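Note sheet for the following structure.
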Amino acid sequence: MIAYDLAKKRKLSHIVYHSVFRVEHFKDVPHFASKLAIESALREFDVPFTIIRPNYFFQNDAAFKDILTKMSVYPNPLGLVGISAVDIRDIAEATAITLMSDKHFGRTYNVNGPAF
């Protein structure tokens with residue numbers, strides 16, 4: 001919130017906030033709850049904003065390389081539901097696109113794989 005207060009004082013022309021996919025559905029998860037609170041606060045500031053809500057990052061799986069390749073096991077407990085994932089480069093591109101035009105002011109974009 002300090003950063004957004006400074007953005008207002010410095011009269012920044014646009015902020016893109018990196019939130020999380022389906023943030024409003026998981027209010028009891030601390031990481032999500034804090035992002036939802038910041039999203040709400042953004043609407044109170046006089047700085048144009050766009051919210052990017054990516055889902056799980058493909059790059060998170062790099063930490064599982066040995067387990068995946070040597071044991072053929074995916075260690076995240078996803079059950080039978082599965083999860084959509086996004087490459088961090090796609091998040092960066094979506095962010096850059098929103099910064100190129102004021103037509104994205106006040107908008108929220110989900111950035112994820114095609115299944116969800």
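Numbering starts fresh at 1 for the residues of each chain in the structure tokens, the chains themselves are lettered A, B, ... in the order given, and ligands are numbered from 1 as they appear.
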
Quiz item: Using only C-alpha atoms, which residues sit within 9 Å of region 33-46 of chain A once same-chain residues fewer than 2 positions away are excluded, as a list in words?
Solution: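 Everything that qualifies: Met1, Tyr4, Asp5, Lys8, Lys11, Tyr17, His18, Ser19, Val20, Val23, Glu24, Phe26, Lys27, Asp28, Val29, Pro30, His31, Pro48, Phe49, Ile51 and Gly106 of chain A.
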
Quiz item: Among region 1-111 of chain A, which residues carry a DSSP assignment of alpha helix (DSSP H), reported as a PyMOL selection string?
Solution: chain A and resi 2-9+30-42+65-66+88-99

Output for the residues just chosen: C-alpha atoms as a tab-separated table (two decimals), in the first residue's frame:
chain	number	residue	atom	x	y	z
A	2	ILE	CA	2.97	2.27	0.60
A	3	ALA	CA	4.02	1.76	-3.03
A	4	TYR	CA	0.59	2.80	-4.28
A	5	ASP	CA	0.54	5.84	-2.04
A	6	LEU	CA	3.89	6.84	-3.53
A	7	ALA	CA	2.52	6.20	-7.03
A	8	LYS	CA	-0.30	8.60	-6.30
A	9	LYS	CA	2.08	11.24	-4.92
A	30	PRO	CA	-3.69	-15.52	3.43
A	31	HIS	CA	-1.76	-15.02	0.19
A	32	PHE	CA	-5.02	-14.54	-1.70
A	33	ALA	CA	-6.73	-12.43	0.98
A	34	SER	CA	-3.93	-9.87	0.94
A	35	LYS	CA	-4.10	-9.60	-2.85
A	36	LEU	CA	-7.87	-9.15	-2.75
A	37	ALA	CA	-7.46	-6.37	-0.17
A	38	ILE	CA	-4.96	-4.59	-2.41
A	39	GLU	CA	-7.27	-4.96	-5.42
A	40	SER	CA	-10.01	-3.28	-3.41
A	41	ALA	CA	-7.69	-0.52	-2.26
A	42	LEU	CA	-6.55	0.19	-5.83
A	65	LYS	CA	12.58	-31.66	-12.19
A	66	ASP	CA	14.29	-34.56	-10.44
A	88	ILE	CA	5.75	-16.16	-16.84
A	89	ARG	CA	6.74	-14.76	-20.25
A	90	ASP	CA	3.05	-14.62	-21.16
A	91	ILE	CA	2.34	-12.71	-17.95
A	92	ALA	CA	5.09	-10.24	-18.86
A	93	GLU	CA	3.67	-9.81	-22.36
A	94	ALA	CA	0.13	-9.28	-21.06
A	95	THR	CA	1.46	-6.69	-18.62
A	96	ALA	CA	3.36	-4.87	-21.37
A	97	ILE	CA	0.26	-4.81	-23.56
A	98	THR	CA	-1.84	-3.26	-20.79
A	99	LEU	CA	0.76	-0.53	-20.32

Exercise. Tell me, in Å to one decimal, how far CA of His14 (chain A) is from CA of Gly113 (chain A).
Key: 26.2 Å

Practice problem: Kindly indicate which residue among A:Thr50, A:Arg22, A:Ile15, A:Tyr56 lies nearest to Asp87 (chain A), using only C-alpha atoms for the distances. | Solution: A:Tyr56

Quiz item: When distances are computed from only C-alpha atoms, which of A:Ser13, A:Lys103, A:Leu68, A:Val86 shows the smallest separation from Arg53 (chain A)?
Solution: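 Answer, going by the shortest atom-to-atom distance: A:Val86.
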
Exercise. Taking the chain letters and numbering used in this document, name the residues of chain A that DSSP puts in strand (DSSP E), as a list in words.
Key: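 For chain A, the strand (DSSP E) set is Ile15, Val16, Tyr17, His18, Phe49, Thr50, Ile51, Ile52, Arg53, Pro54, Tyr56, Phe57, Ala85, Val86, Thr108, Tyr109, Asn110 and Val111 of chain A.
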
Just to be explicit: take each residue in the selection above, keep C-alpha atoms, and write the result as a tab-separated table (two decimals), in the first residue's frame.
chain	number	residue	atom	x	y	z
A	15	ILE	CA	-0.02	0.74	-12.51
A	16	VAL	CA	-0.37	-2.95	-13.31
A	17	TYR	CA	-1.01	-5.04	-10.23
A	18	HIS	CA	-0.02	-8.73	-10.23
A	49	PHE	CA	-4.58	0.66	-12.80
A	50	THR	CA	-4.97	-2.70	-14.48
A	51	ILE	CA	-5.08	-5.99	-12.60
A	52	ILE	CA	-3.41	-9.09	-14.01
A	53	ARG	CA	-4.55	-12.36	-12.41
A	54	PRO	CA	-2.31	-15.23	-13.49
A	56	TYR	CA	-0.07	-21.34	-11.54
A	57	PHE	CA	3.28	-20.69	-13.25
A	85	ALA	CA	-0.88	-22.99	-15.91
A	86	VAL	CA	0.76	-20.02	-17.56
A	108	THR	CA	-8.96	-7.06	-14.71
A	109	TYR	CA	-7.49	-9.84	-16.84
A	110	ASN	CA	-7.19	-13.53	-16.01
A	111	VAL	CA	-4.01	-14.97	-17.48

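With CA of Asn55 (chain A) on one side and CA of Asp102 (chain A) on the other, the separation reads 24.3 Å.
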
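Across the structure, CA of Phe58 (chain A) and CA of Met71 (chain A) are spaced 19.1 Å apart.
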
Self-check item: Nearest candidate to Asp61 (chain A) (options A:Tyr74, A:Phe105, A:Met100, A:Ser84; using only C-alpha atoms)
Solution: A:Tyr74
